Amino acid sequence: MSNDMEIKDKPSVVKEKNTDEAVEAGLAKLTPERIKNTINQVLQKETGPRFKAYVETCMHCGLCAEACLYFLSNDRDPSYSPAGKVKQTIWEMLDKKGEVSIEFLRRAVHIAHTECNVCKRCSMYCPFGIDIAYLMLMVRRICHKLEITPLYIQDTVNSHSATMNQMWVKEDEWIDTLQWQEEDAREEFEDLRIPLDKEGADIMYSVIAPEPKFQAGLLYQAATIMHAAGISWTMPSSPGWDNSNMAMFTGDNEISGRIARAFYETAARLKVKKIVMGECGHAFRSTYDVGNRWIGWAMPPFEVVHALEFYHELLTSGRITIAEKFKKTVTLHDPCNVSRGRGLHDMAREVTNMLCESFIDMTPNREHNFCCGAGGGVINCGPPYKGERMINNKFKAEQLKATGAEVLIAPCHNCHSGLEDIVHHYDLNMEVKFLGDIIYETMEKKIYKPGD
Amino acid sequence: MNAFIDFIMGPMVWIAFLIFILGLIFKLVIIIKDVNDRESYIYSYLTLKHSLRSIFAWLIPFFPQSTKQSPVFYSISYIFHLLLFIVPIFLMSHIVLVNEAFQVSWVALDDGLADILTLVVIIALVFFAIRRYTVPEVKYLTSYKDYILILIIALPFITGFLAYHQFFLYKAMVIAHVISGEIMLILIPFSRFSHMIVAPLTRAYMGSEFGNVRHAKDW
C-alpha cells in the first residue's frame with residue numbers, strides 16, 4: 001500500500017490488496033491442472049445460454065460503472081466498475097480457457113468476495129439488463145471449488161454445515177437464550193411467552209444466528225412486539241431456526257440448499273401458516289429468492305414475510321398502536337435484498353412515517369439506493385478486509401451525511417453492521433437502528449390477554 | 001475481375017441478406033434450444049407482461065435512471081440506432097434497387113436529408129470511438145475488437161457518403177460500399193452485433209425477475 005501516488009497516476013494498475021491465510025493456504029495447494037479443470041467445469045457445465053448471452057452481448061459501453069458504490073468510492077477507478085470486474089475475472093478465464101495464474105486467482109477472489117456486494121444495482125444501469133452479480137457469484141463458485149474462499153466467511157459456512165446455523169450456536173444455547181429472554185421480558189409483560197415448537201401456530205418467527213449469539217435484546221424486542229400484538233407464534237427449537245445463509249454467497253450451493261431445506265422443513269413440521277423473518281436482508285434473499293430455487297421450488301413453498309412487511313401489517317391493522325412517535329429526525333436505508341429484491345421500499349416509508357415524526361429520505365433511494373457496502377457476504381470476509389471496505393464505502397458515507405438525520409434506520413442485519421462501521425469510520429454522528437428498536441420504543445406496551 | 005465484381009454486386013448481396021436473416025433466426029433457435037435443454041427454469045419466471053414492461057421502459061428516451069445520468073451518450077445512441085435502420089431502408093438508391101428486383105417500393109427520404117443523416121451516423125460513430133479512447137471506465141473495457149466493430153458499421157456509411165458525392169474513384173467507392181455493407185450484414189449474427197436480438201431477451205429475463213419475483217422496477 002506504499003505506492004499510493006502511483007495508483008493515482010495509473011488507475012487501471014492492480015493495487016496491492018489484502019489477502020488472508022485461508023486464501024493463501026488454498027492457493028498454495030493448487031495445480032495448473034486443477035485450476036483449469038475447475039474453471040472449465042463451472043463455466044461450461046454449470047452455466048448455460050444465460051451466461052453465454054451475458055458475456056457475448058456486453059458491448060463494453062461502461063454504463064454500469066455509474067451504478068457501482070465501489071467505482072464511485074474509489075475516484076472512478078475503472079477496475080472497480082462492474083464490467084471492469086467481469087473483465088478481470090470471467091473474461092480472462094474464458095480467454096485463457098481456464099489456464100490462469102495463481103496471481104490472477106488471488107485477485108479474482110478479492111474482487112468477487114470483497115469488491116462486489118452482489119447488490120444488482122448495476123443490472124438496473126445496463127441497457128441490456130445483464131446480471132453482473134450473477135457473474136460475480138460464478139467467480140465465487142469457482143473460488144469455492146478451488147477452496148480459496150476467504151477465511152471468515154468460510155468459517156460461517158463450516159458452521160452452517162455442522163450446526164445449520166451461522167455462528168456455531170449449540171442447540172441448548174439457543175433454547176437457553178430464548179428462555180432467558182422470555183424470563184426477562186416477563187418482568188415487563190406478565191404472561192409473555194416465547195413459544196417453542198408450538199405446532200399449528202399462525203406464524204413461525206425466525207432470526208439469524210447473530211441474534212442469540214450477541215444481540216439477544218432483539219429477541220426480547222420481537223417477543224414483546226408479538227405479545228403486544230397478540231400473535232399466535234412460535235420459534236423452532238431445532239436446527240432450521242436460523243434463516244441466514246452465507247453459503248449462498250460463497251458459491252457453496254449444496255450447503256446453501258441444505259440450509260433452505262432445513263428451514264422450510266422446520267416450518268412444515270410446525271404446520272405454521274406463514275413465516276416471519278427478522279430484519280435481515282440476505283436471509284430473506286436466501287429463503288425467498290435463492291435457496292428455494294436450488295431445492296426446486298420456483299417460489300417459496302410457504303408465505304415468507306420480511307419483518308418490514310409484518311410491521312406494516314401490525315401497524316395498519318392496529319394490532320400495534322404507537323403511544324408517542326419517535327422524536328429524532330430519521331433517515332431510512334433501503335436494503336438491496338428487500339427493496340431491489342422484494343419491492344418493500346414504499347412499505348418501509350409508510351412504517352417509518354407511522355413511527356417517526358420527522359423522516360428525511362436519502363438520495364438516491366428505493367430501488368436505486370446504494371448498497372450498505374457490507375452485504376453480499378463482504379462484511380463476513382472479516383477484519384482482514386475492513387480497512388479496504390471503509391475506503392470502498394466512502395460514497396455511501398457521503399450519501400448518509402447529506403441527509404443530516406440523527407438516526408439511521410436499517411432494517412437489515414448486514415446493512416446495520418456495515419452502516420455502524422461507516423458511521424464510526426467517517427464520524428457521521430448518527431445512531432443506527434432497526435425498525436424493531438423504534439417500534440419497541442414507541443409502541444403502547446399492551447399486556448396481551450387471551451381473548452382480547 | 002469483372003466476374004468477381006458482378007458477383008459482389010449481384011448474388012452476394014442476396015447471400016449476405018440471407019446469412020443476416022437466417023443467421024439471426026439460427027441464433028435465436030439455438031438460444032431457445034439451449035434454454036429448453038439447460039436452463040428451463042427461465043420459463044418459471046419469464047412473463048410477457050414484465051418482459052414488455054421492461055423493454056418498453058428502456059425504449060422511452062430519458063425514462064430509465066441510467067439514461068438520465070448519461071444524457072449525451074444516450075441521446076447520440078438513440079439517434080444512431082434509429083438512423084442505422086432508417087437511412088439504409090429509406091434511401092432512394094436502395095429502394096430503386098429493390099424495386100428493380102421485386103417491383104416493390106416505399107416512400108423515400110429526400111436525398112439531401114439522407115446525406116445529412118448519413119453524416120450524423122458517421123459523427124455518432126466517431127463519438128463512440130473517441131468515448132472509447134477517452135472515458136476511463138470505457139477505455140478499460142476496450143480492446144482492438146471494439147474499434148473493429150465501430151469500423152465495420154462505419155465503412156458502409158462512409159463509402160456510401162463518398163460514392164453519393166462522387167468525390168473520387170466513384171466506381172471503386174460503390175464496390176467498396178457494397179462489400180462493406182455485405183460484411184456488416186454477414187457479421188451481425190456472429191458478433192456482438194447480435195445484441196440486436198439477444199438484448200431484448202436478456203432485458204426480458206431481467207425485467208421478469210424484477211417485475212415478477214422482486215416486485216421492483218429495473219429502470
# chains A, B, ... in the order shown; residues from 1 in each chain; ligands from 1
$ closest_atom_pairs --of "chain A" --to "chain B" --cutoff "6 Å" --atoms "only C-alpha atoms" --output "Markdown table"
| residue | atom | partner | partner_atom | distance |
| --- | --- | --- | --- | --- |
| A:Pro49 | CA | B:Asp34 | CA | 5.9 |
| A:Thr57 | CA | B:Arg192 | CA | 5.3 |
| A:His60 | CA | B:Leu141 | CA | 5.6 |
| A:Cys61 | CA | B:Val138 | CA | 5.9 |
| A:Gly62 | CA | B:Val138 | CA | 4.9 |
| A:Pro78 | CA | B:Glu137 | CA | 4.5 |
| A:Met124 | CA | B:Asp218 | CA | 5.0 |
| A:Tyr125 | CA | B:Ser66 | CA | 5.1 |
| A:Phe128 | CA | B:Ala199 | CA | 5.1 |
| A:Gly129 | CA | B:Arg203 | CA | 4.9 |
| A:Arg340 | CA | B:Ala216 | CA | 5.8 |
| A:Gly341 | CA | B:Arg214 | CA | 4.8 |
| A:Arg342 | CA | B:Arg214 | CA | 4.2 |
| A:Gly343 | CA | B:Ala216 | CA | 4.7 |
$ residues_around --residues "Leu135 (chain A)" --least-positions-apart "6" --cutoff "8 Å" --atoms "only C-alpha atoms" --output "list in words"
Phe51, Val86 and Ile90 of chain A
$ closest_residue --among "A:Ile130, A:Ala25, A:Leu270, A:Val407" --to "His333 (chain A)" --atoms "only C-alpha atoms"
A:Val407
$ atom_distance --atom1 "CA of Pro236 (chain A)" --atom2 "CA of Ile175 (chain A)"
9.1 Å
$ residues_around --residues "region 417-433 of chain A" --least-positions-apart "5" --cutoff "10 Å" --atoms "only C-alpha atoms" --output "NGL selection string"
:A and (330-333 or 371-375 or 378-379 or 386-387 or 389-391 or 393-394 or 396-398 or 400-401 or 404-412 or 438)
$ residues_around --residues "region 86-94 of chain B" --least-positions-apart "6" --cutoff "8 Å" --atoms "only C-alpha atoms" --output "PyMOL selection string"
chain B and resi 106-111+114+117-118
$ closest_atom_pairs --of "region 229-344 of chain A" --to "region 164-169 of chain A" --cutoff "10 Å" --atoms "only C-alpha atoms" --output "tab-separated table"
residue	atom	partner	partner_atom	distance
A:Ser238	CA	A:Met164	CA	9.5
A:Pro239	CA	A:Met164	CA	5.7
A:Gly240	CA	A:Met164	CA	6.5
A:Trp241	CA	A:Asn165	CA	7.8
A:Asp242	CA	A:Asn165	CA	5.4
A:Asn243	CA	A:Asn165	CA	7.9
A:Ser244	CA	A:Gln166	CA	6.8
A:Asn245	CA	A:Gln166	CA	7.3
A:Met246	CA	A:Gln166	CA	7.4
A:Ala247	CA	A:Gln166	CA	9.5
A:Ile255	CA	A:Met164	CA	9.1
A:Ser256	CA	A:Met164	CA	10.0
A:Arg258	CA	A:Met164	CA	8.3
A:Ile259	CA	A:Met164	CA	6.3
A:Ala260	CA	A:Met164	CA	9.7
A:Ala262	CA	A:Met164	CA	7.8
A:Phe263	CA	A:Met164	CA	9.1
$ write_last_selection --atoms "N, CA and C atoms" --output "PDB file, in the first residue's frame"
ATOM      1  N   SER A 238     -35.286 -26.615  17.125  1.00  0.00           N
ATOM      2  CA  SER A 238     -34.321 -27.480  16.437  1.00  0.00           C
ATOM      3  C   SER A 238     -33.606 -26.725  15.320  1.00  0.00           C
ATOM      4  N   PRO A 239     -32.508 -27.301  14.813  1.00  0.00           N
ATOM      5  CA  PRO A 239     -31.855 -26.668  13.658  1.00  0.00           C
ATOM      6  C   PRO A 239     -32.879 -26.365  12.563  1.00  0.00           C
ATOM      7  N   GLY A 240     -32.676 -25.251  11.898  1.00  0.00           N
ATOM      8  CA  GLY A 240     -33.694 -24.770  10.970  1.00  0.00           C
ATOM      9  C   GLY A 240     -34.231 -23.438  11.466  1.00  0.00           C
ATOM     10  N   TRP A 241     -33.861 -23.086  12.692  1.00  0.00           N
ATOM     11  CA  TRP A 241     -34.320 -21.794  13.237  1.00  0.00           C
ATOM     12  C   TRP A 241     -33.563 -20.630  12.633  1.00  0.00           C
ATOM     13  N   ASP A 242     -32.336 -20.888  12.194  1.00  0.00           N
ATOM     14  CA  ASP A 242     -31.515 -19.811  11.635  1.00  0.00           C
ATOM     15  C   ASP A 242     -31.803 -19.675  10.142  1.00  0.00           C
ATOM     16  N   ASN A 243     -32.247 -18.502   9.734  1.00  0.00           N
ATOM     17  CA  ASN A 243     -32.578 -18.320   8.317  1.00  0.00           C
ATOM     18  C   ASN A 243     -31.423 -17.732   7.514  1.00  0.00           C
ATOM     19  N   SER A 244     -30.298 -17.487   8.165  1.00  0.00           N
ATOM     20  CA  SER A 244     -29.179 -16.896   7.414  1.00  0.00           C
ATOM     21  C   SER A 244     -28.557 -17.937   6.491  1.00  0.00           C
ATOM     22  N   ASN A 245     -27.783 -17.476   5.534  1.00  0.00           N
ATOM     23  CA  ASN A 245     -27.254 -18.411   4.546  1.00  0.00           C
ATOM     24  C   ASN A 245     -26.015 -17.829   3.876  1.00  0.00           C
ATOM     25  N   MET A 246     -24.889 -17.977   4.515  1.00  0.00           N
ATOM     26  CA  MET A 246     -23.659 -17.441   3.935  1.00  0.00           C
ATOM     27  C   MET A 246     -23.145 -18.322   2.796  1.00  0.00           C
ATOM     28  N   ALA A 247     -23.548 -19.582   2.798  1.00  0.00           N
ATOM     29  CA  ALA A 247     -23.117 -20.491   1.727  1.00  0.00           C
ATOM     30  C   ALA A 247     -23.605 -19.975   0.370  1.00  0.00           C
ATOM     31  N   ILE A 255     -24.515 -26.632   0.266  1.00  0.00           N
ATOM     32  CA  ILE A 255     -24.854 -26.308   1.663  1.00  0.00           C
ATOM     33  C   ILE A 255     -25.960 -25.263   1.702  1.00  0.00           C
ATOM     34  N   SER A 256     -25.886 -24.309   0.793  1.00  0.00           N
ATOM     35  CA  SER A 256     -26.940 -23.294   0.717  1.00  0.00           C
ATOM     36  C   SER A 256     -28.310 -23.958   0.573  1.00  0.00           C
ATOM     37  N   ARG A 258     -29.098 -27.033   1.466  1.00  0.00           N
ATOM     38  CA  ARG A 258     -29.409 -27.759   2.706  1.00  0.00           C
ATOM     39  C   ARG A 258     -30.002 -26.824   3.753  1.00  0.00           C
ATOM     40  N   ILE A 259     -29.434 -25.618   3.833  1.00  0.00           N
ATOM     41  CA  ILE A 259     -29.917 -24.644   4.820  1.00  0.00           C
ATOM     42  C   ILE A 259     -31.374 -24.287   4.525  1.00  0.00           C
ATOM     43  N   ALA A 260     -31.640 -23.976   3.262  1.00  0.00           N
ATOM     44  CA  ALA A 260     -33.004 -23.584   2.898  1.00  0.00           C
ATOM     45  C   ALA A 260     -33.974 -24.740   3.131  1.00  0.00           C
ATOM     46  N   ALA A 262     -33.695 -27.217   5.351  1.00  0.00           N
ATOM     47  CA  ALA A 262     -33.919 -27.392   6.794  1.00  0.00           C
ATOM     48  C   ALA A 262     -34.911 -26.345   7.298  1.00  0.00           C
ATOM     49  N   PHE A 263     -34.779 -25.171   6.775  1.00  0.00           N
ATOM     50  CA  PHE A 263     -35.635 -24.060   7.181  1.00  0.00           C
ATOM     51  C   PHE A 263     -37.103 -24.343   6.835  1.00  0.00           C
TER      52      PHE A 263
END
$ residues_around --residues "Leu185 (chain B)" --least-positions-apart "6" --cutoff "12 Å" --atoms "only C-alpha atoms" --output "list in words"
Met12, Val13, Trp14, Ile15, Ala16, Phe17, Leu18, Ile19, Phe20, Ile21, Leu22, Gly23, Leu24, Ile152, Ile153, Pro156, Val178, Ile179, Ser191, Phe193, Ser194 and Met196 of chain B
$ atom_distance --atom1 "CA of Leu52 (chain B)" --atom2 "CA of Trp294 (chain A)"
27.4 Å
$ select_by_dssp --residues "region 94-324 of chain A" --states "helix (DSSP H, G or I)" --output "PyMOL selection string"
chain A and resi 94-95+102-114+122-124+132-145+151-163+171-188+210-214+216-229+247-250+253-269+281-294+307-316
$ closest_residue --among "B:Tyr144, B:Thr134, B:Ile79, B:Lys27" --to "Ile122 (chain B)" --atoms "only C-alpha atoms"
B:Ile79
$ atom_distance --atom1 "CA of Pro335 (chain A)" --atom2 "CA of Glu309 (chain A)"
13.5 Å
